[in-house]
$ cat query_6.cif   # mmCIF, C-alpha atoms
data_structure
loop_
_atom_site.group_PDB
_atom_site.id
_atom_site.type_symbol
_atom_site.label_atom_id
_atom_site.label_comp_id
_atom_site.auth_asym_id
_atom_site.auth_seq_id
_atom_site.Cartn_x
_atom_site.Cartn_y
_atom_site.Cartn_z
ATOM 1 C CA MET K 1294 -15.109 -6.176 12.960
ATOM 2 C CA LYS K 1295 -18.474 -7.113 11.546
ATOM 3 C CA ALA K 1296 -18.042 -8.982 8.286
ATOM 4 C CA ALA K 1297 -21.780 -9.647 8.252
ATOM 5 C CA ALA K 1298 -22.519 -5.917 8.440
ATOM 6 C CA GLY K 1299 -23.671 -4.000 5.387
ATOM 7 C CA ILE K 1300 -20.891 -2.841 3.092
ATOM 8 C CA HIS K 1301 -21.408 0.833 3.910
ATOM 9 C CA GLU K 1302 -21.230 0.268 7.642
ATOM 10 C CA TYR K 1303 -18.160 -1.878 7.141
ATOM 11 C CA ALA K 1304 -16.472 0.761 4.976
ATOM 12 C CA VAL K 1305 -17.163 3.499 7.535
ATOM 13 C CA GLU K 1306 -15.729 1.357 10.312
ATOM 14 C CA GLN K 1307 -12.589 0.587 8.334
ATOM 15 C CA MET K 1308 -12.073 4.185 7.245
ATOM 16 C CA ASN K 1309 -12.512 5.402 10.795
ATOM 17 C CA ARG K 1310 -9.823 3.014 11.946
ATOM 18 C CA LEU K 1311 -7.461 4.006 9.124
ATOM 19 C CA LEU K 1312 -7.978 7.706 9.763
ATOM 20 C CA THR K 1313 -7.259 7.305 13.471
ATOM 21 C CA THR K 1314 -3.978 5.563 12.650
ATOM 22 C CA LEU K 1315 -3.113 8.198 10.071
ATOM 23 C CA ALA K 1316 -3.733 11.074 12.477
ATOM 24 C CA PHE K 1317 -1.623 9.373 15.132
ATOM 25 C CA ARG K 1318 1.256 8.855 12.716
ATOM 26 C CA VAL K 1319 1.124 12.397 11.381
ATOM 27 C CA HIS K 1320 1.553 13.740 14.892
ATOM 28 C CA ARG K 1321 4.216 11.225 15.792
ATOM 29 C CA ALA K 1322 6.249 12.056 12.674
ATOM 30 C CA ALA K 1323 5.864 15.750 13.439
ATOM 31 C CA LYS K 1324 7.309 15.241 16.900
ATOM 32 C CA LYS K 1325 10.144 13.007 15.770
ATOM 33 C CA PRO K 1326 10.650 13.023 11.992
ATOM 34 C CA GLY K 1327 13.009 10.041 11.962
ATOM 35 C CA SER K 1328 13.327 7.567 9.146
ATOM 36 C CA ALA K 1329 10.978 4.970 10.694
ATOM 37 C CA GLU K 1330 8.334 7.550 11.617
ATOM 38 C CA ILE K 1331 8.280 9.003 8.109
ATOM 39 C CA HIS K 1332 8.075 5.511 6.629
ATOM 40 C CA ASP K 1333 5.173 4.562 8.916
ATOM 41 C CA LEU K 1334 3.381 7.768 8.042
ATOM 42 C CA ARG K 1335 3.699 7.016 4.332
ATOM 43 C CA VAL K 1336 2.342 3.508 4.889
ATOM 44 C CA SER K 1337 -0.696 4.824 6.731
ATOM 45 C CA ILE K 1338 -1.310 7.428 4.008
ATOM 46 C CA ARG K 1339 -1.189 4.659 1.396
ATOM 47 C CA ARG K 1340 -3.586 2.502 3.396
ATOM 48 C CA PHE K 1341 -6.025 5.349 3.904
ATOM 49 C CA THR K 1342 -5.791 6.330 0.228
ATOM 50 C CA GLN K 1343 -6.452 2.732 -0.765
ATOM 51 C CA GLY K 1344 -9.528 2.721 1.447
ATOM 52 C CA LEU K 1345 -10.782 5.862 -0.272
ATOM 53 C CA LEU K 1346 -10.160 4.353 -3.696
ATOM 54 C CA LEU K 1347 -11.765 1.055 -2.808
ATOM 55 C CA PHE K 1348 -14.874 2.532 -1.224
ATOM 56 C CA THR K 1349 -14.943 5.525 -3.511
ATOM 57 C CA GLY K 1350 -18.650 5.532 -4.307
ATOM 58 C CA MET K 1351 -19.606 5.564 -0.642
ATOM 59 C CA PHE K 1352 -18.247 8.961 0.273
ATOM 60 C CA PRO K 1353 -18.893 12.468 -1.072
ATOM 61 C CA LYS K 1354 -16.936 12.856 -4.287
ATOM 62 C CA TRP K 1355 -15.790 16.408 -3.635
ATOM 63 C CA GLU K 1356 -14.487 15.576 -0.162
ATOM 64 C CA VAL K 1357 -12.619 12.546 -1.431
ATOM 65 C CA LYS K 1358 -11.021 14.634 -4.152
ATOM 66 C CA LYS K 1359 -9.931 17.277 -1.681
ATOM 67 C CA ILE K 1360 -8.461 14.708 0.683
ATOM 68 C CA HIS K 1361 -6.659 12.951 -2.165
ATOM 69 C CA ARG K 1362 -5.063 16.222 -3.173
ATOM 70 C CA MET K 1363 -3.801 16.884 0.339
ATOM 71 C CA LEU K 1364 -2.510 13.357 0.754
ATOM 72 C CA LYS K 1365 -0.732 13.521 -2.569
ATOM 73 C CA ARG K 1366 1.098 16.654 -1.496
ATOM 74 C CA MET K 1367 2.120 15.021 1.754
ATOM 75 C CA MET K 1368 3.313 11.898 -0.069
ATOM 76 C CA ARG K 1369 5.395 13.974 -2.470
ATOM 77 C CA LEU K 1370 7.030 15.872 0.347
ATOM 78 C CA THR K 1371 7.683 12.828 2.519
ATOM 79 C CA SER K 1372 9.081 10.949 -0.485
ATOM 80 C CA GLU K 1373 11.810 13.594 -0.666
ATOM 81 C CA ILE K 1374 12.718 12.779 2.926
ATOM 82 C CA ARG K 1375 12.357 9.032 2.470
ATOM 83 C CA ASN K 1376 14.538 8.931 -0.661
ATOM 84 C CA ARG K 1377 17.305 10.742 1.164
ATOM 85 C CA ASP K 1378 17.025 8.371 4.113
ATOM 86 C CA ILE K 1379 17.377 5.412 1.762
ATOM 87 C CA ALA K 1380 20.383 6.951 0.019
ATOM 88 C CA LEU K 1381 22.043 7.866 3.332
ATOM 89 C CA GLU K 1382 21.527 4.347 4.642
ATOM 90 C CA TYR K 1383 23.034 2.906 1.481
ATOM 91 C CA LEU K 1384 26.046 5.213 1.668
ATOM 92 C CA ALA K 1385 26.540 4.253 5.311
ATOM 93 C CA GLN K 1386 26.604 0.577 4.310
ATOM 94 C CA LEU K 1387 29.230 1.335 1.690
ATOM 95 C CA LYS K 1388 31.067 3.508 4.203
ATOM 96 C CA ALA K 1389 31.127 6.196 1.530
ATOM 97 C CA ASP K 1390 31.210 9.784 2.723
ATOM 98 C CA SER K 1391 30.710 11.516 -0.611
ATOM 99 C CA HIS K 1392 27.272 13.106 -0.983
ATOM 100 C CA ARG K 1393 26.437 12.530 2.677
ATOM 101 C CA GLU K 1394 26.717 16.121 3.744
ATOM 102 C CA ARG K 1395 24.649 17.364 0.817
ATOM 103 C CA LEU K 1396 21.949 14.748 1.387
ATOM 104 C CA GLU K 1397 21.747 15.533 5.088
ATOM 105 C CA LYS K 1398 21.362 19.223 4.366
ATOM 106 C CA GLU K 1399 18.647 18.539 1.816
ATOM 107 C CA ARG K 1400 16.864 16.271 4.265
ATOM 108 C CA ILE K 1401 16.799 19.006 6.882
ATOM 109 C CA GLN K 1402 15.291 21.403 4.350
ATOM 110 C CA CYS K 1403 12.604 18.866 3.414
ATOM 111 C CA GLN K 1404 11.975 18.186 7.089
ATOM 112 C CA ARG K 1405 11.309 21.893 7.662
ATOM 113 C CA ARG K 1406 8.788 21.936 4.841
ATOM 114 C CA PHE K 1407 7.204 18.822 6.293
ATOM 115 C CA ALA K 1408 6.935 20.413 9.748
ATOM 116 C CA GLU K 1409 5.292 23.437 8.154
ATOM 117 C CA MET K 1410 2.771 21.250 6.329
ATOM 118 C CA VAL K 1411 1.912 19.309 9.480
ATOM 119 C CA ARG K 1412 1.471 22.583 11.356
ATOM 120 C CA ARG K 1413 -1.064 23.700 8.749
ATOM 121 C CA TRP K 1414 -2.859 20.339 8.851
ATOM 122 C CA SER K 1415 -3.017 20.392 12.637
ATOM 123 C CA ALA K 1416 -4.229 23.988 12.731
ATOM 124 C CA ARG K 1417 -7.161 22.914 10.577
ATOM 125 C CA ASP K 1418 -7.726 19.781 12.697
ATOM 126 C CA PHE K 1419 -7.600 17.706 9.552
ATOM 127 C CA SER K 1420 -8.764 14.395 11.033
ATOM 128 C CA ALA K 1421 -11.928 15.900 12.532
ATOM 129 C CA LYS K 1422 -12.641 17.705 9.273
ATOM 130 C CA TRP K 1423 -12.157 14.602 7.192
ATOM 131 C CA ARG K 1424 -14.270 12.542 9.560
ATOM 132 C CA ASP K 1425 -17.069 15.061 9.156
ATOM 133 C CA GLY K 1426 -16.561 15.433 5.424
ATOM 134 C CA LEU K 1427 -16.679 11.696 4.851
ATOM 135 C CA SER K 1428 -19.574 11.302 7.343
ATOM 136 C CA LEU K 1429 -17.580 8.761 9.303
ATOM 137 C CA ARG K 1430 -19.299 9.678 12.545
ATOM 138 C CA SER K 1431 -22.698 8.612 11.318
ATOM 139 C CA VAL K 1432 -22.350 4.884 12.091
ATOM 140 C CA MET B 1010 3.614 14.750 -22.880
ATOM 141 C CA GLU B 1011 0.259 15.169 -21.160
ATOM 142 C CA ARG B 1012 -1.085 12.116 -22.936
ATOM 143 C CA ALA B 1013 1.878 10.015 -21.814
ATOM 144 C CA ARG B 1014 1.300 11.107 -18.239
ATOM 145 C CA PHE B 1015 -2.383 10.289 -18.467
ATOM 146 C CA LEU B 1016 -1.636 6.806 -19.869
ATOM 147 C CA ARG B 1017 0.881 6.183 -17.101
ATOM 148 C CA GLN B 1018 -1.679 7.178 -14.511
ATOM 149 C CA VAL B 1019 -4.303 4.906 -16.035
ATOM 150 C CA ALA B 1020 -1.851 2.005 -16.145
ATOM 151 C CA GLY B 1021 -1.034 2.541 -12.497
ATOM 152 C CA ARG B 1022 -4.665 2.338 -11.564
ATOM 153 C CA THR B 1023 -5.384 -1.117 -12.894
ATOM 154 C CA VAL B 1024 -5.448 -2.710 -9.501
ATOM 155 C CA ALA B 1025 -7.788 -1.712 -6.749
ATOM 156 C CA ALA B 1026 -8.224 1.795 -7.997
ATOM 157 C CA GLN B 1027 -10.953 0.812 -10.379
ATOM 158 C CA ARG B 1028 -14.390 1.855 -9.301
ATOM 159 C CA MET B 1029 -15.856 -0.995 -7.324
ATOM 160 C CA LYS B 1030 -19.531 -1.616 -7.791
ATOM 161 C CA TRP B 1031 -20.524 -2.530 -4.270
ATOM 162 C CA LYS B 1032 -23.994 -3.855 -3.650
ATOM 163 C CA PRO B 1033 -25.445 -1.998 -0.657
ATOM 164 C CA SER B 1034 -28.056 -4.701 -0.159
ATOM 165 C CA LEU B 1035 -25.385 -7.348 0.457
ATOM 166 C CA SER B 1036 -23.155 -7.810 3.476
ATOM 167 C CA ALA B 1037 -19.482 -6.809 3.460
ATOM 168 C CA SER B 1038 -18.576 -10.470 3.263
ATOM 169 C CA ALA B 1039 -20.801 -11.164 0.242
ATOM 170 C CA ASN B 1040 -19.512 -8.029 -1.486
ATOM 171 C CA ALA B 1041 -15.900 -9.032 -0.896
ATOM 172 C CA ARG B 1042 -16.493 -12.511 -2.304
ATOM 173 C CA LYS B 1043 -18.032 -10.946 -5.363
ATOM 174 C CA MET B 1044 -15.475 -8.214 -6.032
ATOM 175 C CA LEU B 1045 -12.092 -9.409 -4.796
ATOM 176 C CA PRO B 1046 -11.631 -12.314 -7.265
ATOM 177 C CA LYS B 1047 -11.764 -9.770 -10.075
ATOM 178 C CA LEU B 1048 -9.203 -7.661 -8.258
ATOM 179 C CA ALA B 1049 -6.915 -10.703 -8.012
ATOM 180 C CA GLU B 1050 -7.308 -11.321 -11.719
ATOM 181 C CA ASN B 1051 -6.320 -7.736 -12.530
ATOM 182 C CA TYR B 1052 -3.364 -8.040 -10.221
ATOM 183 C CA PHE B 1053 -2.071 -11.168 -11.958
ATOM 184 C CA ILE B 1054 -2.490 -9.529 -15.357
ATOM 185 C CA ALA B 1055 -0.485 -6.513 -14.177
ATOM 186 C CA GLY B 1056 2.175 -8.818 -12.717
ATOM 187 C CA ARG B 1057 2.578 -10.799 -15.917
ATOM 188 C CA LYS B 1058 3.033 -7.594 -17.846
ATOM 189 C CA ALA B 1059 5.578 -6.240 -15.349
ATOM 190 C CA ALA B 1060 7.542 -9.495 -15.266
ATOM 191 C CA GLY B 1061 8.050 -9.211 -19.005
ATOM 192 C CA LYS B 1062 9.575 -5.771 -18.693
ATOM 193 C CA HIS B 1063 12.930 -4.513 -17.499
ATOM 194 C CA SER B 1064 12.275 -0.830 -16.983
ATOM 195 C CA PRO B 1065 12.469 0.274 -13.332
ATOM 196 C CA LYS B 1066 9.437 2.497 -13.911
ATOM 197 C CA ALA B 1067 7.264 -0.441 -14.979
ATOM 198 C CA LEU B 1068 8.441 -2.399 -11.958
ATOM 199 C CA HIS B 1069 7.792 0.580 -9.714
ATOM 200 C CA ARG B 1070 4.239 0.810 -11.013
ATOM 201 C CA PHE B 1071 3.730 -2.868 -10.333
ATOM 202 C CA ARG B 1072 5.142 -2.385 -6.851
ATOM 203 C CA ILE B 1073 2.406 0.165 -6.203
ATOM 204 C CA CYS B 1074 -0.144 -2.299 -7.626
ATOM 205 C CA THR B 1075 1.119 -4.936 -5.197
ATOM 206 C CA LYS B 1076 0.738 -2.571 -2.265
ATOM 207 C CA ARG B 1077 -2.756 -1.605 -3.336
ATOM 208 C CA PHE B 1078 -3.793 -5.201 -3.757
ATOM 209 C CA ARG B 1079 -2.361 -6.145 -0.377
ATOM 210 C CA TYR B 1080 -4.008 -3.215 1.402
ATOM 211 C CA ALA B 1081 -7.328 -3.995 -0.266
ATOM 212 C CA LEU B 1082 -7.121 -7.589 0.949
ATOM 213 C CA GLU B 1083 -6.153 -6.462 4.425
ATOM 214 C CA LEU B 1084 -9.191 -4.218 4.541
ATOM 215 C CA PHE B 1085 -11.290 -7.337 4.120
ATOM 216 C CA GLY B 1086 -9.187 -9.445 6.466
ATOM 217 C CA PRO B 1087 -12.075 -10.101 8.880
ATOM 218 C CA VAL B 1088 -14.074 -11.640 6.039
ATOM 219 C CA TYR B 1089 -11.556 -14.415 5.378
ATOM 220 C CA ASP B 1090 -9.980 -17.153 7.435
ATOM 221 C CA THR B 1091 -6.445 -17.178 8.803
ATOM 222 C CA SER B 1092 -4.909 -18.556 5.592
ATOM 223 C CA LEU B 1093 -5.216 -15.049 4.177
ATOM 224 C CA LYS B 1094 -2.170 -14.214 6.283
ATOM 225 C CA ARG B 1095 -0.081 -16.760 4.404
ATOM 226 C CA ARG B 1096 -1.195 -15.274 1.102
ATOM 227 C CA LEU B 1097 -0.417 -11.776 2.297
ATOM 228 C CA LYS B 1098 3.044 -12.967 3.290
ATOM 229 C CA ASN B 1099 3.661 -14.113 -0.292
ATOM 230 C CA LEU B 1100 2.593 -10.717 -1.558
ATOM 231 C CA HIS B 1101 4.896 -9.106 0.960
ATOM 232 C CA LYS B 1102 7.812 -11.112 -0.414
ATOM 233 C CA LEU B 1103 7.099 -9.787 -3.897
ATOM 234 C CA GLN B 1104 6.766 -6.289 -2.522
ATOM 235 C CA ASP B 1105 10.143 -6.577 -0.807
ATOM 236 C CA ALA B 1106 11.894 -7.610 -3.997
ATOM 237 C CA LEU B 1107 10.259 -4.750 -5.876
ATOM 238 C CA GLY B 1108 10.987 -2.356 -3.021
ATOM 239 C CA LYS B 1109 14.719 -2.975 -3.298
ATOM 240 C CA ILE B 1110 14.656 -2.127 -7.006
ATOM 241 C CA SER B 1111 12.742 1.048 -6.281
ATOM 242 C CA ASP B 1112 15.199 1.983 -3.518
ATOM 243 C CA TYR B 1113 18.134 1.594 -5.876
ATOM 244 C CA GLN B 1114 16.349 3.664 -8.480
ATOM 245 C CA SER B 1115 15.803 6.534 -6.069
ATOM 246 C CA ILE B 1116 19.431 6.337 -4.902
ATOM 247 C CA LEU B 1117 20.554 6.532 -8.531
ATOM 248 C CA GLU B 1118 18.546 9.684 -9.040
ATOM 249 C CA LEU B 1119 20.071 11.312 -5.987
ATOM 250 C CA LEU B 1120 23.668 10.265 -6.633
ATOM 251 C CA ASP B 1121 23.704 10.940 -10.318
ATOM 252 C CA GLY B 1122 27.226 11.553 -11.577
ATOM 253 C CA ASP B 1123 29.122 9.408 -9.083
ATOM 254 C CA ARG B 1124 30.299 6.801 -11.609
ATOM 255 C CA ALA B 1125 31.708 4.217 -9.189
ATOM 256 C CA THR B 1126 28.606 4.131 -7.002
ATOM 257 C CA VAL B 1127 26.275 4.242 -9.996
ATOM 258 C CA THR B 1128 27.884 1.127 -11.478
ATOM 259 C CA LYS B 1129 27.526 -0.712 -8.182
ATOM 260 C CA ILE B 1130 23.881 0.250 -7.911
ATOM 261 C CA GLU B 1131 23.122 -0.701 -11.493
ATOM 262 C CA ASP B 1132 24.592 -4.157 -10.905
ATOM 263 C CA ALA B 1133 22.573 -4.543 -7.719
ATOM 264 C CA MET B 1134 19.437 -3.480 -9.576
ATOM 265 C CA LYS B 1135 19.986 -6.125 -12.232
ATOM 266 C CA ARG B 1136 20.368 -8.769 -9.543
ATOM 267 C CA LYS B 1137 17.229 -7.631 -7.755
ATOM 268 C CA THR B 1138 15.258 -7.552 -10.995
ATOM 269 C CA LYS B 1139 16.235 -11.182 -11.553
ATOM 270 C CA ASP B 1140 15.179 -11.958 -7.979
ATOM 271 C CA PHE B 1141 11.803 -10.375 -8.570
ATOM 272 C CA LYS B 1142 11.270 -12.338 -11.772
ATOM 273 C CA ARG B 1143 12.080 -15.555 -9.943
ATOM 274 C CA GLU B 1144 9.705 -14.634 -7.111
ATOM 275 C CA TRP B 1145 6.978 -13.795 -9.586
ATOM 276 C CA LYS B 1146 7.429 -17.081 -11.464
ATOM 277 C CA GLU B 1147 6.940 -18.901 -8.202
ATOM 278 C CA PHE B 1148 3.980 -16.745 -7.239
ATOM 279 C CA ASP B 1149 2.248 -17.210 -10.613
ATOM 280 C CA SER B 1150 2.739 -20.967 -10.960
ATOM 281 C CA ASN B 1151 0.525 -24.057 -10.916
ATOM 282 C CA GLY B 1152 -2.841 -22.395 -11.332
ATOM 283 C CA GLN B 1153 -2.213 -19.828 -8.609
ATOM 284 C CA LEU B 1154 -4.569 -17.315 -10.186
ATOM 285 C CA LYS B 1155 -7.419 -19.815 -10.080
ATOM 286 C CA ASP B 1156 -6.494 -20.713 -6.536
ATOM 287 C CA TRP B 1157 -6.561 -17.040 -5.488
ATOM 288 C CA LYS B 1158 -9.863 -16.441 -7.229
ATOM 289 C CA ASP B 1159 -11.420 -19.535 -5.677
ATOM 290 C CA TYR B 1160 -10.171 -18.567 -2.261
ATOM 291 C CA LEU B 1161 -11.361 -14.964 -2.460
ATOM 292 C CA GLY B 1162 -14.715 -16.064 -3.838
ATOM 293 C CA ARG B 1163 -15.269 -18.471 -0.982
ATOM 294 C CA ALA B 1164 -16.807 -17.603 2.341
ATOM 295 C CA ALA B 1165 -14.660 -17.964 5.422
ATOM 296 C CA ALA B 1166 -15.096 -21.395 6.974
ATOM 297 C CA ARG B 1167 -17.239 -21.410 10.066
ATOM 298 C CA PRO B 1168 -15.366 -22.291 13.221
ATOM 299 C CA ARG B 1169 -15.852 -25.944 14.099
ATOM 300 C CA ALA B 1170 -17.742 -26.965 17.197
ATOM 301 C CA ARG B 1171 -15.298 -27.618 20.002
ATOM 302 C CA LYS B 1172 -14.776 -31.324 20.701
ATOM 303 C CA SER B 1173 -14.562 -30.758 24.423
ATOM 304 C CA ALA B 1174 -18.208 -29.753 24.386
ATOM 305 C CA ARG B 1175 -19.159 -33.361 23.631
ATOM 306 C CA PRO B 1176 -19.759 -35.829 26.432
ATOM 307 C CA ALA B 1177 -16.569 -37.688 27.377
ATOM 308 C CA ALA B 1178 -18.106 -41.100 26.676
ATOM 309 C CA VAL B 1179 -18.650 -40.263 23.019
ATOM 310 C CA ASN B 1180 -14.984 -39.422 22.569
ATOM 311 C CA LYS B 1181 -13.885 -42.858 23.720
#
$ encode --input "query_6.cif" --output "structure tokens"
Amino acid sequence: MKAAAGIHEYAVEQMNRLLTTLAFRVHRAAKKPGSAEIHDLRVSIRRFTQGLLLFTGMFPKWEVKKIHRMLKRMMRLTSEIRNRDIALEYLAQLKADSHRERLEKERIQCQRRFAEMVRRWSARDFSAKWRDGLSLRSV
Amino acid sequence: MERARFLRQVAGRTVAAQRMKWKPSLSASANARKMLPKLAENYFIAGRKAAGKHSPKALHRFRICTKRFRYALELFGPVYDTSLKRRLKNLHKLQDALGKISDYQSILELLDGDRATVTKIEDAMKRKTKDFKREWKEFDSNGQLKDWKDYLGRAAARPRARKSARPAAVNK
């Protein structure tokens, strides 16, 4: 990574890297929506979002806004899954069976909605679109 | 209601979400040295506020601030020397303590009504809040803010010339 590079070039390089990781994790979580995969996906969304916030003036405002909106929706949906994973793990530690069945059912419902969202994202080839929208290919 | 939501959003954006005024004429390294000390200052201010509060929501907001600060620093990892890793580890410790509190909070929301479990979780939350406050006290001690600002404002040290490159006779 070129620390001596201009800030714009540096930002583009970093955002490219973050977007590649994000796209990989979206697809991995879609294939196997386990607890770890969902967690990793949320981490990469947060990192990418932070990049957008940090380098906000360097990318087209409208594109950034659109991407933020999509990421926010994905975070909200995956938080439903994540919260249930945390609760289920806690109940397992306590060896408590109450609520488990309900939480598992709810998780499956959230997982379906997540799969549907990923299908829509993939159909639009979101990473290519975002790369174009943010002009990440230019450097 | 709307106003309260707006204020919450603004409060959550104190760290790293503020618009950074990058200088396109300067290198990434020079920009980082200029901007990141201010980010550290904002982070410490947010932390001091959070440490004085007990509400899980305030702590959750600070947890997000910690993540943002850490991710921002990681984005500029190549600009700094290896001691950044040690600093990031300290941030990670804080994040862990805050993460536990947030986990308990989300469990509480999902298991609302189960009195026995709720009591257990509330006790655990109190313990973890104390843990966080202790961690924060350690993190924000002995001029740490100044130390962070100095570090982030400094250029990465250049790698030293390798000794083995010198003639053997000089070494003796």
$ resolve_selection --input "query_6.cif" --expression "the PyMOL selection byres ((chain K and resi 1306) around 12)" --output "PyMOL selection string"
(chain K and resi 1294-1296+1298-1305+1307-1313+1344+1348+1424+1427-1432) or (chain B and resi 1037+1084-1085)
$ resolve_selection --input "query_6.cif" --expression "the PyMOL selection byres ((chain B) within 9 of (chain K))" --output "VMD selection string"
chain B and resid 1025 to 1041 1076 to 1078 1080 to 1081 1084 to 1085 1087 to 1089 1112 to 1113 1115 to 1117 1119 to 1120 1123
$ resolve_selection --input "query_6.cif" --expression "the PyMOL selection byres ((chain K and resi 1408) around 12)" --output "list in words"
Val1319, His1320, Arg1321, Ala1322, Ala1323, Lys1324, Lys1325, Pro1326, Ile1331, Met1367, Leu1370, Thr1371, Ile1374, Ile1401, Gln1402, Cys1403, Gln1404, Arg1405, Arg1406, Phe1407, Glu1409, Met1410, Val1411, Arg1412, Arg1413, Trp1414 and Ser1415 of chain K
$ write_last_selection --input "query_6.cif" --atoms "C-alpha atoms" --output "compact mmCIF listing (two decimals), in the coordinates of the input"
# COMPACT_ATOMS: atom_id res chain seq x y z
CA VAL K 1319 1.12 12.40 11.38
CA HIS K 1320 1.55 13.74 14.89
CA ARG K 1321 4.22 11.22 15.79
CA ALA K 1322 6.25 12.06 12.67
CA ALA K 1323 5.86 15.75 13.44
CA LYS K 1324 7.31 15.24 16.90
CA LYS K 1325 10.14 13.01 15.77
CA PRO K 1326 10.65 13.02 11.99
CA ILE K 1331 8.28 9.00 8.11
CA MET K 1367 2.12 15.02 1.75
CA LEU K 1370 7.03 15.87 0.35
CA THR K 1371 7.68 12.83 2.52
CA ILE K 1374 12.72 12.78 2.93
CA ILE K 1401 16.80 19.01 6.88
CA GLN K 1402 15.29 21.40 4.35
CA CYS K 1403 12.60 18.87 3.41
CA GLN K 1404 11.98 18.19 7.09
CA ARG K 1405 11.31 21.89 7.66
CA ARG K 1406 8.79 21.94 4.84
CA PHE K 1407 7.20 18.82 6.29
CA GLU K 1409 5.29 23.44 8.15
CA MET K 1410 2.77 21.25 6.33
CA VAL K 1411 1.91 19.31 9.48
CA ARG K 1412 1.47 22.58 11.36
CA ARG K 1413 -1.06 23.70 8.75
CA TRP K 1414 -2.86 20.34 8.85
CA SER K 1415 -3.02 20.39 12.64
$ atom_distance --input "query_6.cif" --atom1 "atom CA of Arg1366 of chain K" --atom2 "atom CA of Glu1399 of chain K"
18.0 Å
$ residues_around --input "query_6.cif" --residues "segment 1044-1053 of chain B" --least-positions-apart "2" --cutoff "6 Å" --atoms "all atoms listed in the file" --output "compact mmCIF listing (two decimals) with C-alpha atoms, in the frame of the given file"
# COMPACT_ATOMS: atom_id res chain seq x y z
CA VAL B 1024 -5.45 -2.71 -9.50
CA ALA B 1041 -15.90 -9.03 -0.90
CA ARG B 1042 -16.49 -12.51 -2.30
CA ALA B 1055 -0.48 -6.51 -14.18
CA GLY B 1056 2.17 -8.82 -12.72
CA LYS B 1158 -9.86 -16.44 -7.23
CA LEU B 1161 -11.36 -14.96 -2.46
CA GLY B 1162 -14.72 -16.06 -3.84
$ residues_around --input "query_6.cif" --residues "segment 1141-1143 of chain B" --least-positions-apart "2" --cutoff "7 Å" --atoms "only C-alpha atoms" --output "VMD selection string"
chain B and resid 1060 1103 1106 to 1107 1137 to 1139 1145 to 1147
$ atom_distance --input "query_6.cif" --atom1 "atom CA of Glu1356 of chain K" --atom2 "atom CA of His1069 of chain B"
28.5 Å
$ atom_distance --input "query_6.cif" --atom1 "atom CA of Glu1394 of chain K" --atom2 "atom CA of Gly1108 of chain B"
25.2 Å
$ residues_around --input "query_6.cif" --residues "Gln1114 of chain B" --least-positions-apart "5" --cutoff "9 Å" --atoms "only C-alpha atoms" --output "compact mmCIF listing (two decimals) with C-alpha atoms, in the frame of the given file"
# COMPACT_ATOMS: atom_id res chain seq x y z
CA PRO B 1065 12.47 0.27 -13.33
CA LYS B 1066 9.44 2.50 -13.91
CA LYS B 1109 14.72 -2.98 -3.30
CA LEU B 1119 20.07 11.31 -5.99
CA ILE B 1130 23.88 0.25 -7.91
CA GLU B 1131 23.12 -0.70 -11.49
CA MET B 1134 19.44 -3.48 -9.58
$ closest_residue --input "query_6.cif" --among "B:Thr1126, B:Asp1121, B:Tyr1160, B:Ile1073" --to "Thr1091 of chain B" --atoms "all atoms listed in the file"
B:Tyr1160
$ build_atoms --input "query_6.cif" --residues "segment 1319-1329 of chain K" --atoms "N, CA and C atoms" --output "PDB file, in the coordinates of the input"
ATOM      1  N   VAL K1319       0.761  11.033  11.802  1.00  0.00           N
ATOM      2  CA  VAL K1319       1.124  12.397  11.381  1.00  0.00           C
ATOM      3  C   VAL K1319       1.738  13.123  12.578  1.00  0.00           C
ATOM      4  N   HIS K1320       1.066  13.021  13.715  1.00  0.00           N
ATOM      5  CA  HIS K1320       1.553  13.740  14.892  1.00  0.00           C
ATOM      6  C   HIS K1320       2.859  13.160  15.420  1.00  0.00           C
ATOM      7  N   ARG K1321       2.979  11.852  15.326  1.00  0.00           N
ATOM      8  CA  ARG K1321       4.216  11.225  15.792  1.00  0.00           C
ATOM      9  C   ARG K1321       5.400  11.647  14.913  1.00  0.00           C
ATOM     10  N   ALA K1322       5.175  11.657  13.591  1.00  0.00           N
ATOM     11  CA  ALA K1322       6.249  12.056  12.674  1.00  0.00           C
ATOM     12  C   ALA K1322       6.584  13.531  12.841  1.00  0.00           C
ATOM     13  N   ALA K1323       5.599  14.321  13.226  1.00  0.00           N
ATOM     14  CA  ALA K1323       5.864  15.750  13.439  1.00  0.00           C
ATOM     15  C   ALA K1323       6.752  15.945  14.661  1.00  0.00           C
ATOM     16  N   LYS K1324       6.514  15.128  15.674  1.00  0.00           N
ATOM     17  CA  LYS K1324       7.309  15.241  16.900  1.00  0.00           C
ATOM     18  C   LYS K1324       8.726  14.749  16.669  1.00  0.00           C
ATOM     19  N   LYS K1325       8.816  13.601  15.990  1.00  0.00           N
ATOM     20  CA  LYS K1325      10.144  13.007  15.770  1.00  0.00           C
ATOM     21  C   LYS K1325      10.208  12.526  14.312  1.00  0.00           C
ATOM     22  N   PRO K1326      10.674  13.402  13.421  1.00  0.00           N
ATOM     23  CA  PRO K1326      10.650  13.023  11.992  1.00  0.00           C
ATOM     24  C   PRO K1326      11.812  12.118  11.592  1.00  0.00           C
ATOM     25  N   GLY K1327      11.951  11.011  12.298  1.00  0.00           N
ATOM     26  CA  GLY K1327      13.009  10.041  11.962  1.00  0.00           C
ATOM     27  C   GLY K1327      12.613   9.205  10.764  1.00  0.00           C
ATOM     28  N   SER K1328      13.541   8.387  10.347  1.00  0.00           N
ATOM     29  CA  SER K1328      13.327   7.567   9.146  1.00  0.00           C
ATOM     30  C   SER K1328      12.127   6.624   9.320  1.00  0.00           C
ATOM     31  N   ALA K1329      12.066   5.938  10.466  1.00  0.00           N
ATOM     32  CA  ALA K1329      10.978   4.970  10.694  1.00  0.00           C
ATOM     33  C   ALA K1329       9.626   5.671  10.784  1.00  0.00           C
TER      34      ALA K1329
END
